[in-house]
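Enquirer: What follows is the file start-v3.txt, containing compact mmCIF, C-alpha atoms:
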# COMPACT_ATOMS: atom_id res chain seq x y z
CA MET A 108 89.16 42.02 20.73
CA VAL A 109 88.53 45.00 22.96
CA GLY A 110 87.58 47.93 20.74
CA CYS A 111 85.93 47.63 17.34
CA GLY A 112 87.00 50.75 15.48
CA ARG A 113 88.73 50.73 12.10
CA VAL A 114 91.69 48.78 13.42
CA GLY A 115 89.90 46.43 15.82
CA SER A 116 87.20 45.51 13.30
CA ALA A 117 89.70 44.87 10.48
CA VAL A 118 91.87 42.68 12.71
CA SER A 119 88.76 40.81 13.90
CA LEU A 120 87.62 40.11 10.34
CA GLN A 121 91.05 38.89 9.25
CA LEU A 122 91.46 36.61 12.24
CA ARG A 123 87.95 35.22 11.84
CA ALA A 124 88.67 34.55 8.14
CA ALA A 125 91.82 32.74 9.25
CA GLY A 126 89.71 30.43 11.40
CA TRP A 127 90.02 32.03 14.86
CA ASP A 128 87.09 32.16 17.25
CA VAL A 129 86.76 35.90 17.78
CA SER A 130 84.85 37.68 20.55
CA VAL A 131 84.55 41.46 20.12
CA ILE A 132 83.72 44.12 22.73
CA ASP A 133 82.77 47.69 21.92
CA GLU A 134 80.95 50.43 23.80
CA ASN A 135 78.95 51.33 20.75
CA GLU A 136 76.39 48.93 19.32
CA ASP A 137 76.83 50.50 15.87
CA ALA A 138 80.40 49.20 15.78
CA LEU A 139 78.92 45.80 14.91
CA GLY A 140 78.21 47.31 11.46
CA ARG A 141 81.96 47.43 10.83
CA LEU A 142 82.05 43.63 11.04
CA GLY A 143 79.48 43.24 8.26
CA ASP A 144 76.09 41.51 8.13
CA ASP A 145 77.49 38.01 8.11
CA TRP A 146 79.74 38.31 11.18
CA THR A 147 79.93 34.85 12.71
CA GLY A 148 81.94 35.70 15.82
CA GLU A 149 80.69 37.05 19.14
CA PHE A 150 79.89 40.69 19.75
CA HIS A 151 79.35 42.24 23.19
CA VAL A 152 78.25 45.82 23.89
CA GLY A 153 79.83 47.50 26.90
CA HIS A 154 82.91 49.18 28.32
CA GLY A 155 86.17 47.32 27.91
CA MET A 156 87.12 47.98 31.54
CA ASP A 157 84.02 46.12 32.77
CA ILE A 158 85.60 43.01 34.28
CA GLN A 159 82.31 41.11 34.28
CA LEU A 160 81.91 41.84 30.59
CA LEU A 161 85.45 40.68 29.87
CA ARG A 162 84.56 37.38 31.57
CA THR A 163 81.30 37.09 29.62
CA ALA A 164 83.22 37.70 26.41
CA GLY A 165 85.47 34.77 27.33
CA ILE A 166 88.72 36.36 28.46
CA GLU A 167 89.43 33.47 30.82
CA ASP A 168 89.79 31.08 27.88
CA ALA A 169 91.39 33.51 25.42
CA ASP A 170 94.65 32.61 23.69
CA ALA A 171 95.18 36.24 22.76
CA VAL A 172 93.70 39.63 23.68
CA VAL A 173 94.04 42.67 21.41
CA VAL A 174 93.16 46.05 22.95
CA THR A 175 92.45 48.91 20.53
CA THR A 176 89.85 51.21 22.12
CA ASP A 177 90.16 54.92 21.37
CA GLY A 178 91.67 55.63 24.79
CA ASP A 179 95.38 55.00 25.36
CA ASN A 180 94.96 54.80 29.12
CA SER A 181 92.00 52.43 28.90
CA ASN A 182 94.09 50.20 26.64
CA ILE A 183 96.99 50.31 29.09
CA VAL A 184 94.92 49.26 32.10
CA ILE A 185 92.82 46.67 30.22
CA GLY A 186 95.98 45.12 28.78
CA GLN A 187 97.53 44.82 32.23
CA MET A 188 94.32 43.29 33.60
CA ALA A 189 94.27 40.69 30.80
CA GLN A 190 97.90 39.84 31.38
CA LYS A 191 98.30 39.96 35.15
CA ASN A 192 94.86 38.96 36.38
CA PHE A 193 93.56 36.64 33.68
CA GLY A 194 96.99 35.32 32.69
CA VAL A 195 96.39 35.65 28.96
CA ARG A 196 99.70 34.74 27.34
CA SER A 197 99.50 37.00 24.33
CA VAL A 198 98.20 40.52 25.05
CA ILE A 199 98.75 43.20 22.41
CA VAL A 200 97.88 46.80 23.20
CA ARG A 201 97.65 49.79 20.92
CA ILE A 202 99.03 53.02 22.39
CA LEU A 203 99.01 56.11 20.18
CA ASP A 204 101.30 58.23 22.37
CA PRO A 205 104.91 57.17 21.66
CA ALA A 206 106.10 58.28 25.13
CA ARG A 207 103.61 56.11 26.98
CA ALA A 208 104.15 53.31 24.44
CA ASP A 209 107.89 53.30 25.22
CA PHE A 210 107.32 53.26 28.96
CA PHE A 211 104.76 50.47 29.02
CA LYS A 212 106.95 48.37 26.68
CA THR A 213 109.49 48.39 29.49
CA ARG A 214 106.76 47.19 31.87
CA GLY A 215 106.23 43.97 29.94
CA LEU A 216 103.31 44.95 27.72
CA ASP A 217 103.35 44.00 24.04
CA VAL A 218 102.73 47.45 22.53
CA VAL A 219 101.91 48.57 19.01
CA CYS A 220 102.37 52.32 18.44
CA PRO A 221 101.00 53.39 15.05
CA THR A 222 102.19 56.97 15.65
CA GLN A 223 105.78 55.80 16.00
CA SER A 224 105.41 53.66 12.86
CA ALA A 225 104.07 56.68 10.96
CA ILE A 226 106.93 58.86 12.20
CA GLU A 227 109.49 56.33 11.04
CA THR A 228 107.79 55.73 7.67
CA LEU A 229 107.43 59.44 6.96
CA THR A 230 110.96 60.28 8.00
CA THR A 231 112.34 57.45 5.86
CA ALA A 232 110.21 58.58 2.91
CA VAL A 233 111.49 62.16 3.16
CA ARG A 234 115.08 60.99 3.58
CA ALA A 235 114.65 58.97 0.35
CA VAL A 236 113.56 62.14 -1.49
CA GLU A 237 116.55 63.93 0.01
CA GLY A 238 118.77 61.19 -1.40
CA ALA A 239 117.23 61.57 -4.88
CA LEU A 240 117.74 65.36 -4.77
CA ALA A 241 121.38 65.13 -3.84
CA MET B 532 106.10 69.55 50.92
CA TYR B 533 105.84 69.61 47.15
CA LEU B 534 102.66 68.07 45.78
CA LEU B 535 101.50 67.50 42.24
CA ILE B 536 97.74 67.26 41.76
CA ALA B 537 96.29 65.88 38.53
CA GLY B 538 92.72 66.99 37.90
CA GLY B 539 91.32 70.43 38.73
CA GLY B 540 87.70 69.54 39.42
CA LYS B 541 86.03 70.16 42.79
CA VAL B 542 88.28 67.66 44.56
CA GLY B 543 91.58 68.69 43.00
CA SER B 544 91.05 72.45 43.19
CA ASN B 545 89.96 72.36 46.82
CA LEU B 546 92.89 70.15 47.73
CA ALA B 547 95.18 72.67 46.05
CA ARG B 548 93.59 75.57 47.95
CA ALA B 549 93.86 73.81 51.29
CA LEU B 550 97.46 72.72 50.73
CA LEU B 551 98.51 76.19 49.57
CA ARG B 552 96.85 77.69 52.64
CA ASP B 553 98.96 75.34 54.77
CA GLY B 554 102.10 76.66 53.09
CA HIS B 555 102.85 73.73 50.78
CA GLU B 556 104.10 73.99 47.24
CA VAL B 557 101.52 72.75 44.74
CA THR B 558 101.24 72.29 41.00
CA LEU B 559 97.75 71.52 39.73
CA ILE B 560 97.28 70.05 36.24
CA GLU B 561 93.99 70.63 34.41
CA GLN B 562 93.19 69.66 30.85
CA ARG B 563 89.85 71.35 30.05
CA PRO B 564 90.49 74.85 28.61
CA GLN B 565 87.55 76.56 30.31
CA ARG B 566 88.19 75.04 33.69
CA PHE B 567 91.88 75.83 33.34
CA ALA B 568 91.11 79.52 32.62
CA GLN B 569 89.00 79.74 35.81
CA LEU B 570 91.69 78.10 37.89
CA GLU B 571 94.47 80.17 36.36
CA ALA B 572 92.66 83.39 37.28
CA GLU B 573 92.74 82.22 40.89
CA LEU B 574 95.91 80.15 41.24
CA GLU B 575 98.09 81.76 38.52
CA HIS B 576 101.33 79.89 37.85
CA GLN B 577 100.40 77.11 40.25
CA VAL B 578 98.10 75.56 37.68
CA LEU B 579 99.31 74.06 34.42
CA ARG B 580 97.23 73.20 31.41
CA GLY B 581 97.62 69.77 29.89
CA ASP B 582 96.90 66.05 29.95
CA ALA B 583 98.55 64.69 33.10
CA THR B 584 98.99 61.27 31.48
CA GLU B 585 101.44 62.79 28.96
CA LEU B 586 105.04 62.50 30.10
CA PHE B 587 106.06 65.95 28.87
CA VAL B 588 103.20 67.55 30.80
CA LEU B 589 104.22 65.74 33.99
CA GLU B 590 107.80 66.82 33.40
CA ARG B 591 106.82 70.46 32.89
CA ALA B 592 104.93 70.20 36.17
CA GLY B 593 108.16 69.15 37.88
CA ILE B 594 107.67 65.40 38.32
CA LYS B 595 111.42 64.82 37.92
CA ARG B 596 112.22 66.59 41.20
CA PRO B 597 110.25 64.38 42.25
CA PRO B 598 107.23 65.61 44.26
CA ASP B 599 106.71 64.22 47.77
CA VAL B 600 103.17 63.22 46.82
CA VAL B 601 101.30 62.84 43.53
CA VAL B 602 97.52 63.01 43.84
CA ALA B 603 95.50 61.67 40.88
CA VAL B 604 91.93 62.93 41.16
CA THR B 605 90.70 63.24 37.58
CA GLY B 606 87.24 61.98 36.68
CA ASP B 607 88.68 59.03 34.74
CA ASP B 608 89.91 55.98 36.62
CA GLU B 609 92.16 54.78 33.80
CA ASP B 610 93.87 58.18 33.79
CA ASN B 611 94.34 58.14 37.56
CA ILE B 612 95.88 54.67 37.35
CA VAL B 613 98.29 55.60 34.56
CA ILE B 614 99.30 58.85 36.31
CA CYS B 615 100.15 56.91 39.47
CA GLN B 616 102.00 54.17 37.56
CA LEU B 617 104.10 56.74 35.71
CA ALA B 618 104.76 58.75 38.88
CA ARG B 619 105.82 55.72 40.89
CA ASP B 620 107.54 53.49 38.35
CA ARG B 621 109.05 55.98 35.95
CA TYR B 622 109.79 58.99 38.15
CA GLY B 623 110.32 57.37 41.55
CA VAL B 624 107.56 59.24 43.39
CA GLU B 625 107.22 57.56 46.78
CA THR B 626 103.64 58.41 47.61
CA THR B 627 100.70 58.41 45.24
CA ILE B 628 97.06 58.84 46.16
CA ALA B 629 94.35 57.99 43.65
CA ARG B 630 90.66 58.67 43.41
CA VAL B 631 88.38 55.81 42.35
CA ASN B 632 85.38 57.24 40.50
CA ASP B 633 83.64 53.97 39.68
CA PRO B 634 84.02 51.39 42.48
CA ARG B 635 83.78 48.62 39.89
CA ASN B 636 87.25 49.71 38.78
CA GLN B 637 88.79 49.12 42.23
CA PRO B 638 90.24 45.74 41.11
CA TYR B 639 92.40 47.59 38.55
CA PHE B 640 93.89 49.79 41.26
CA ASP B 641 94.46 46.79 43.53
CA LEU B 642 95.97 44.64 40.77
CA LEU B 643 98.45 47.35 39.82
CA GLY B 644 99.31 48.20 43.41
CA ILE B 645 97.90 51.73 43.22
CA THR B 646 97.34 52.49 46.89
CA PRO B 647 95.98 54.24 48.84
CA THR B 648 92.78 54.91 46.93
CA VAL B 649 89.81 57.05 47.89
CA SER B 650 86.30 56.26 46.69
CA ALA B 651 83.26 58.32 47.63
CA THR B 652 80.96 55.33 47.09
CA ALA B 653 83.06 53.03 49.27
CA SER B 654 83.31 55.67 52.01
CA ILE B 655 79.57 56.25 52.06
CA MET B 656 78.91 52.49 52.03
CA GLY B 657 81.20 52.17 55.03
CA LEU B 658 79.18 54.80 56.87
CA ILE B 659 75.90 53.13 55.94
CA GLU B 660 77.15 49.73 57.06
CA HIS B 661 78.17 51.31 60.32
CA GLU B 662 74.60 52.57 60.78
CA VAL B 663 73.07 49.26 59.74
CA PRO B 664 74.74 46.57 61.81
CA GLU B 665 72.56 43.83 60.27
CA HIS B 666 75.31 43.49 57.69
CA GLY B 667 77.02 41.40 60.33
CA LEU B 668 80.55 42.46 59.58
CA ILE B 669 81.73 46.04 59.13
CA HIS B 670 85.05 47.01 57.60
CA LEU B 671 86.57 49.68 59.83
CA LEU B 672 90.06 50.05 58.46
CA GLU B 673 92.13 48.56 55.68
CA LEU B 674 95.89 48.43 56.09
CA ARG B 675 96.72 47.46 52.52
CA LYS B 676 100.49 47.62 52.80
CA GLU B 677 100.46 45.46 55.90
CA ASN B 678 97.83 43.16 54.35
CA LEU B 679 95.61 43.46 57.39
CA GLU B 680 92.21 44.86 58.14
CA ILE B 681 90.19 45.72 61.19
CA VAL B 682 86.53 44.73 61.27
CA GLU B 683 83.67 45.04 63.70
CA ILE B 684 81.17 42.24 64.30
CA LEU B 685 78.01 42.46 66.35
CA VAL B 686 77.26 39.42 68.50
CA ASP B 687 73.68 38.47 67.80
CA PRO B 688 71.49 36.95 70.59
CA ASP B 689 71.19 33.80 68.43
CA ALA B 690 74.87 33.66 67.55
CA ALA B 691 76.59 30.37 68.34
CA CYS B 692 79.47 32.22 69.99
CA ALA B 693 77.27 34.07 72.55
CA GLY B 694 78.11 32.96 76.07
CA LYS B 695 81.43 31.39 75.05
CA SER B 696 84.78 32.73 76.13
CA ILE B 697 87.07 34.08 73.45
CA ARG B 698 89.53 31.22 73.78
CA ASP B 699 86.74 28.69 73.16
CA VAL B 700 85.75 30.31 69.89
CA ALA B 701 87.74 28.80 67.03
CA LEU B 702 88.87 31.99 65.33
CA PRO B 703 90.34 31.55 61.86
CA GLU B 704 94.13 31.51 61.64
CA GLY B 705 95.57 34.96 61.13
CA SER B 706 92.81 36.74 63.04
CA ARG B 707 92.70 38.09 66.56
CA VAL B 708 90.13 39.83 68.76
CA ILE B 709 91.56 43.21 69.75
CA SER B 710 88.68 44.72 71.67
CA ILE B 711 85.14 44.09 72.86
CA VAL B 712 82.84 47.09 72.99
CA ARG B 713 80.14 46.48 75.61
CA ASN B 714 77.62 49.14 76.61
CA GLY B 715 79.66 51.75 74.79
CA LYS B 716 82.85 50.90 76.65
CA ALA B 717 85.81 49.34 74.85
CA GLU B 718 87.68 46.64 76.74
CA ALA B 719 90.98 44.98 75.94
CA PRO B 720 89.94 41.37 76.55
CA ASP B 721 91.93 38.31 77.54
CA GLY B 722 90.98 34.82 76.43
CA SER B 723 88.68 34.26 79.37
CA MET B 724 86.28 37.10 78.57
CA GLN B 725 82.87 35.81 77.58
CA LEU B 726 81.10 37.11 74.52
CA GLU B 727 77.63 38.45 75.21
CA PRO B 728 74.79 39.29 72.85
CA GLY B 729 75.05 42.94 71.84
CA ASP B 730 78.84 43.01 72.10
CA SER B 731 80.75 44.62 69.27
CA VAL B 732 83.84 42.56 68.58
CA LEU B 733 86.77 44.39 66.98
CA ALA B 734 89.07 41.96 65.23
CA ILE B 735 92.18 42.25 63.11
CA LEU B 736 92.58 39.78 60.28
CA GLU B 737 94.03 39.11 56.87
CA PRO B 738 91.79 40.29 54.03
CA GLY B 739 89.91 37.35 52.58
CA LYS B 740 89.28 35.72 55.97
CA GLU B 741 86.09 37.71 56.58
CA ASP B 742 83.81 34.85 55.63
CA GLU B 743 85.55 32.43 57.99
CA LEU B 744 85.33 34.95 60.81
CA ARG B 745 81.71 35.68 60.00
CA LYS B 746 80.93 31.95 60.17
CA VAL B 747 82.42 31.69 63.63
CA LEU B 748 80.97 34.84 65.17
CA VAL B 749 77.75 35.52 63.27
CA ARG B 750 76.55 31.95 62.65
CA GLN B 751 73.42 31.19 64.57
CA SER B 752 73.31 28.39 67.09
Starting from the file, lay out its structure as structure tokens.
Expert:
Amino acid sequence: MVGCGRVGSAVSLQLRAAGWDVSVIDENEDALGRLGDDWTGEFHVGHGMDIQLLRTAGIEDADAVVVTTDGDNSNIVIGQMAQKNFGVRSVIVRILDPARADFFKTRGLDVVCPTQSAIETLTTAVRAVEGALA
Amino acid sequence: MYLLIAGGGKVGSNLARALLRDGHEVTLIEQRPQRFAQLEAELEHQVLRGDATELFVLERAGIKRPPDVVVAVTGDDEDNIVICQLARDRYGVETTIARVNDPRNQPYFDLLGITPTVSATASIMGLIEHEVPEHGLIHLLELRKENLEIVEILVDPDAACAGKSIRDVALPEGSRVISIVRNGKAEAPDGSMQLEPGDSVLAILEPGKEDELRKVLVRQS
């Protein structure tokens, strides 16, 4: 897990609870607090682009890498590094900007775009109201 | 030429000035409001405010034409990489030039084929190595596209190769001696030329063969 914000920490906790070995990287030491006092996975402090740190955190043996730092472009380049250099089979990258999300989907990245999901959910919700008003 | 420059710091703004002076067409993209205001006062419509990693900003700057060259010189390596990837792979820009701020990020540029890159640290290291020949092997020029590089090696008095002719030195496959600099004079050698202590050997080789070459030419007898 590269990035331990609200999303990264919640995904880490759920995967750990499901029995995964989880290794988390975040720039900010305080992010460990989001994982709770009884976190039993690994936690490494540093920048997600630091290749040495990615190795220390175990990227070479990872079955999956999830990249959710607060920078779209960092996520894009880290995801490509995990996939193309370390050969991780399952790499999932969060990109907030729908335009960049669309483009990097076409470049073989597995992209999650919460903004696009919100747009679709909100539009559908409003269209449902429209239907009720008609 | 039409050039698009992402990043209006010292590097980007001075590039824009120099290129405009030479009569080129330039659009400079700068994100920070204050810096943008300064640049706009000087460069007027030739500077655009926005995040150059956003597709609509690039498109407003004219990336669909496409520019002859896109130069990514922001202070963030991940941004420079993404700008070049978008320019090349989405908009068909033929030439991109990227700045590497942190040399530890160079592998990202190399992995994603972002070339050529310019790094102040790497350039200064090159100059220092040139001044300090004890490093043994100096990188003079990298020809990334051709997958070749040119290096310089100083023949040490204790080196095993000193006194041997070039053809008797088992150079690694894929490498070739192109010149011997002796007493400040460069010679184009044939296989019979003997290597002497103090010679600078210029060799062309495939990247990754440096260690093999170093073993042959720098190894002590």
Enquirer: Determine, for each residue of chain B having at least one atom at most 8 Å from an atom of chain A, the closest pair of atoms and their separation in Å to one decimal, counting all atoms listed in the file; order by chain and ascending number, as a tab-separated table.
Expert:
residue	atom	partner	partner_atom	distance
B:Thr584	CA	A:Asn180	CA	8.0
B:Glu585	CA	A:Arg207	CA	7.3
B:Leu586	CA	A:Ala206	CA	6.6
B:Glu609	CA	A:Ser181	CA	5.4
B:Asp610	CA	A:Asn180	CA	5.9
B:Ile612	CA	A:Val184	CA	7.6
B:Val613	CA	A:Asn180	CA	6.4
B:Arg621	CA	A:Phe210	CA	7.7
B:Arg635	CA	A:Asp157	CA	7.5
B:Asn636	CA	A:Met156	CA	7.4
B:Tyr639	CA	A:Met188	CA	6.8
B:Leu642	CA	A:Asn192	CA	7.3
Enquirer: Counting all atoms listed in the file, which residues sit no farther than 12 Å from the position (99.4, 45.5, 55.3) in the file's frame? I'd like them as a ChimeraX atom specification.
Expert: /B:646-647,672-681,735-738
Enquirer: For the residues selected in the previous step, produce a file with C-alpha atoms as a CSV table (one decimal), in the coordinates of the input.
Expert:
chain,number,residue,atom,x,y,z
B,646,THR,CA,97.3,52.5,46.9
B,647,PRO,CA,96.0,54.2,48.8
B,672,LEU,CA,90.1,50.0,58.5
B,673,GLU,CA,92.1,48.6,55.7
B,674,LEU,CA,95.9,48.4,56.1
B,675,ARG,CA,96.7,47.5,52.5
B,676,LYS,CA,100.5,47.6,52.8
B,677,GLU,CA,100.5,45.5,55.9
B,678,ASN,CA,97.8,43.2,54.4
B,679,LEU,CA,95.6,43.5,57.4
B,680,GLU,CA,92.2,44.9,58.1
B,681,ILE,CA,90.2,45.7,61.2
B,735,ILE,CA,92.2,42.2,63.1
B,736,LEU,CA,92.6,39.8,60.3
B,737,GLU,CA,94.0,39.1,56.9
B,738,PRO,CA,91.8,40.3,54.0
Enquirer: The centre and edge lengths of an axis-aligned box containing all atoms of segment 135-149 of chain A present in the file, extended by 6 Å on each side, are to be given in Å to one decimal, as AutoDock Vina command-line options.
Expert:
--center_x 79.1 --center_y 43.1 --center_z 14.4 --size_x 18.0 --size_y 28.5 --size_z 24.6
Enquirer: Counting all atoms listed in the file, which residues sit no farther than 12 Å from the position (100.1, 49.7, 20.1) in the file's frame? I'd like them as a ChimeraX atom specification.
Expert: /A:114-115,173-180,182-183,186,198-212,216-224
Enquirer: I want to know what sits within 12 Å of Trp146 of chain A, based on all atoms listed in the file, with residues of the same chain fewer than 5 positions away left out; could you give that as an MDAnalysis selection string?
Expert: chainID A and resid 116:117 119:124 128:131 138:141
Enquirer: Report, in Å to a single decimal, how far apart atom CA of Gly644 of chain B and atom CA of Arg548 of chain B are.
Expert: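 For atom CA of Arg548 of chain B relative to atom CA of Gly644 of chain B, the distance reads 28.3 Å.
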Enquirer: Considering only C-alpha atoms, can you say which of A:Val152, A:Ala164, A:Met108, A:Gly194 comes closest to Glu136 of chain A?
Expert: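 Checking each of A:Val152, A:Ala164, A:Met108, A:Gly194 against Glu136 of chain A, counting only C-alpha atoms, the winner is A:Val152.
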Enquirer: Might you pull out every residue within 10 Å of Arg580 of chain B, with only C-alpha atoms counted and same-chain residues fewer than 5 positions away left off, and present them as a ChimeraX atom specification?
Expert: /B:539,559-564,566-568,570-571,588,592
Enquirer: May I have the residues within 8 Å of Thr558 of chain B as a list in words, using only C-alpha atoms and disregarding those fewer than 2 positions away in the same chain?
Expert: Leu534, Leu535, Ile536, Ala547, Glu556, Ile560, Gln577, Val578, Leu579 and Ala592 of chain B
Enquirer: Can you tell me how far atom CA of Asn714 of chain B sits from atom CA of Pro728 of chain B, in Å to one decimal?
Expert: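 Atom-to-atom, atom CA of Asn714 of chain B and atom CA of Pro728 of chain B are spaced 10.9 Å apart.
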Enquirer: Compare A:Leu142, A:Ile166, A:Ala241, A:Ala235 by their minimum atom-to-atom distance to Val109 of chain A, counting all atoms listed in the file, and give me the closest one.
Expert: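 Of all the options, A:Ile166 lies closest to Val109 of chain A.
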Enquirer: What is the distance between atom CA of Asp168 of chain A and atom CA of Asp145 of chain A, in Å to one decimal?
Expert: 24.3 Å
Enquirer: Choose the residue, out of B:Leu685, B:Met656, B:Cys692, B:Ala701, that has the smallest atom-to-atom separation from Val732 of chain B; count only C-alpha atoms.
Expert: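 Answer, going by the shortest atom-to-atom distance: B:Leu685.
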Enquirer: Please write a file for segment 603-619 of chain B, taken from the block I just shared, that holds N, CA and C atoms and is laid out as a PDB file, in the first residue's frame.
Expert:
ATOM      1  N   ALA B 603       9.555  19.932 -20.309  1.00  0.00           N
ATOM      2  CA  ALA B 603       8.940  19.806 -18.982  1.00  0.00           C
ATOM      3  C   ALA B 603       9.986  20.115 -17.917  1.00  0.00           C
ATOM      4  N   VAL B 604       9.902  21.329 -17.362  1.00  0.00           N
ATOM      5  CA  VAL B 604      10.932  21.763 -16.405  1.00  0.00           C
ATOM      6  C   VAL B 604      10.305  22.265 -15.116  1.00  0.00           C
ATOM      7  N   THR B 605       9.241  21.597 -14.658  1.00  0.00           N
ATOM      8  CA  THR B 605       8.683  21.977 -13.355  1.00  0.00           C
ATOM      9  C   THR B 605       9.607  21.428 -12.264  1.00  0.00           C
ATOM     10  N   GLY B 606       9.318  21.799 -11.040  1.00  0.00           N
ATOM     11  CA  GLY B 606      10.137  21.342  -9.918  1.00  0.00           C
ATOM     12  C   GLY B 606       9.758  19.960  -9.415  1.00  0.00           C
ATOM     13  N   ASP B 607       8.766  19.325 -10.066  1.00  0.00           N
ATOM     14  CA  ASP B 607       8.321  18.002  -9.624  1.00  0.00           C
ATOM     15  C   ASP B 607       8.564  16.971 -10.714  1.00  0.00           C
ATOM     16  N   ASP B 608       9.370  15.961 -10.391  1.00  0.00           N
ATOM     17  CA  ASP B 608       9.728  14.960 -11.388  1.00  0.00           C
ATOM     18  C   ASP B 608       8.515  14.185 -11.893  1.00  0.00           C
ATOM     19  N   GLU B 609       7.588  13.865 -10.974  1.00  0.00           N
ATOM     20  CA  GLU B 609       6.426  13.082 -11.414  1.00  0.00           C
ATOM     21  C   GLU B 609       5.603  13.890 -12.415  1.00  0.00           C
ATOM     22  N   ASP B 610       5.540  15.213 -12.205  1.00  0.00           N
ATOM     23  CA  ASP B 610       4.805  16.062 -13.148  1.00  0.00           C
ATOM     24  C   ASP B 610       5.529  16.099 -14.497  1.00  0.00           C
ATOM     25  N   ASN B 611       6.844  16.233 -14.466  1.00  0.00           N
ATOM     26  CA  ASN B 611       7.595  16.276 -15.726  1.00  0.00           C
ATOM     27  C   ASN B 611       7.422  14.974 -16.516  1.00  0.00           C
ATOM     28  N   ILE B 612       7.404  13.862 -15.797  1.00  0.00           N
ATOM     29  CA  ILE B 612       7.221  12.566 -16.470  1.00  0.00           C
ATOM     30  C   ILE B 612       5.839  12.498 -17.114  1.00  0.00           C
ATOM     31  N   VAL B 613       4.814  12.851 -16.349  1.00  0.00           N
ATOM     32  CA  VAL B 613       3.441  12.741 -16.873  1.00  0.00           C
ATOM     33  C   VAL B 613       3.232  13.703 -18.041  1.00  0.00           C
ATOM     34  N   ILE B 614       3.777  14.911 -17.955  1.00  0.00           N
ATOM     35  CA  ILE B 614       3.662  15.877 -19.063  1.00  0.00           C
ATOM     36  C   ILE B 614       4.265  15.277 -20.340  1.00  0.00           C
ATOM     37  N   CYS B 615       5.441  14.675 -20.206  1.00  0.00           N
ATOM     38  CA  CYS B 615       6.102  14.105 -21.387  1.00  0.00           C
ATOM     39  C   CYS B 615       5.347  12.887 -21.914  1.00  0.00           C
ATOM     40  N   GLN B 616       4.827  12.055 -21.011  1.00  0.00           N
ATOM     41  CA  GLN B 616       4.051  10.893 -21.465  1.00  0.00           C
ATOM     42  C   GLN B 616       2.806  11.325 -22.225  1.00  0.00           C
ATOM     43  N   LEU B 617       2.099  12.315 -21.676  1.00  0.00           N
ATOM     44  CA  LEU B 617       0.891  12.816 -22.345  1.00  0.00           C
ATOM     45  C   LEU B 617       1.256  13.422 -23.698  1.00  0.00           C
ATOM     46  N   ALA B 618       2.306  14.261 -23.709  1.00  0.00           N
ATOM     47  CA  ALA B 618       2.697  14.942 -24.947  1.00  0.00           C
ATOM     48  C   ALA B 618       3.015  13.920 -26.033  1.00  0.00           C
ATOM     49  N   ARG B 619       3.814  12.926 -25.666  1.00  0.00           N
ATOM     50  CA  ARG B 619       4.291  11.964 -26.649  1.00  0.00           C
ATOM     51  C   ARG B 619       3.199  10.962 -27.043  1.00  0.00           C
TER      52      ARG B 619
END
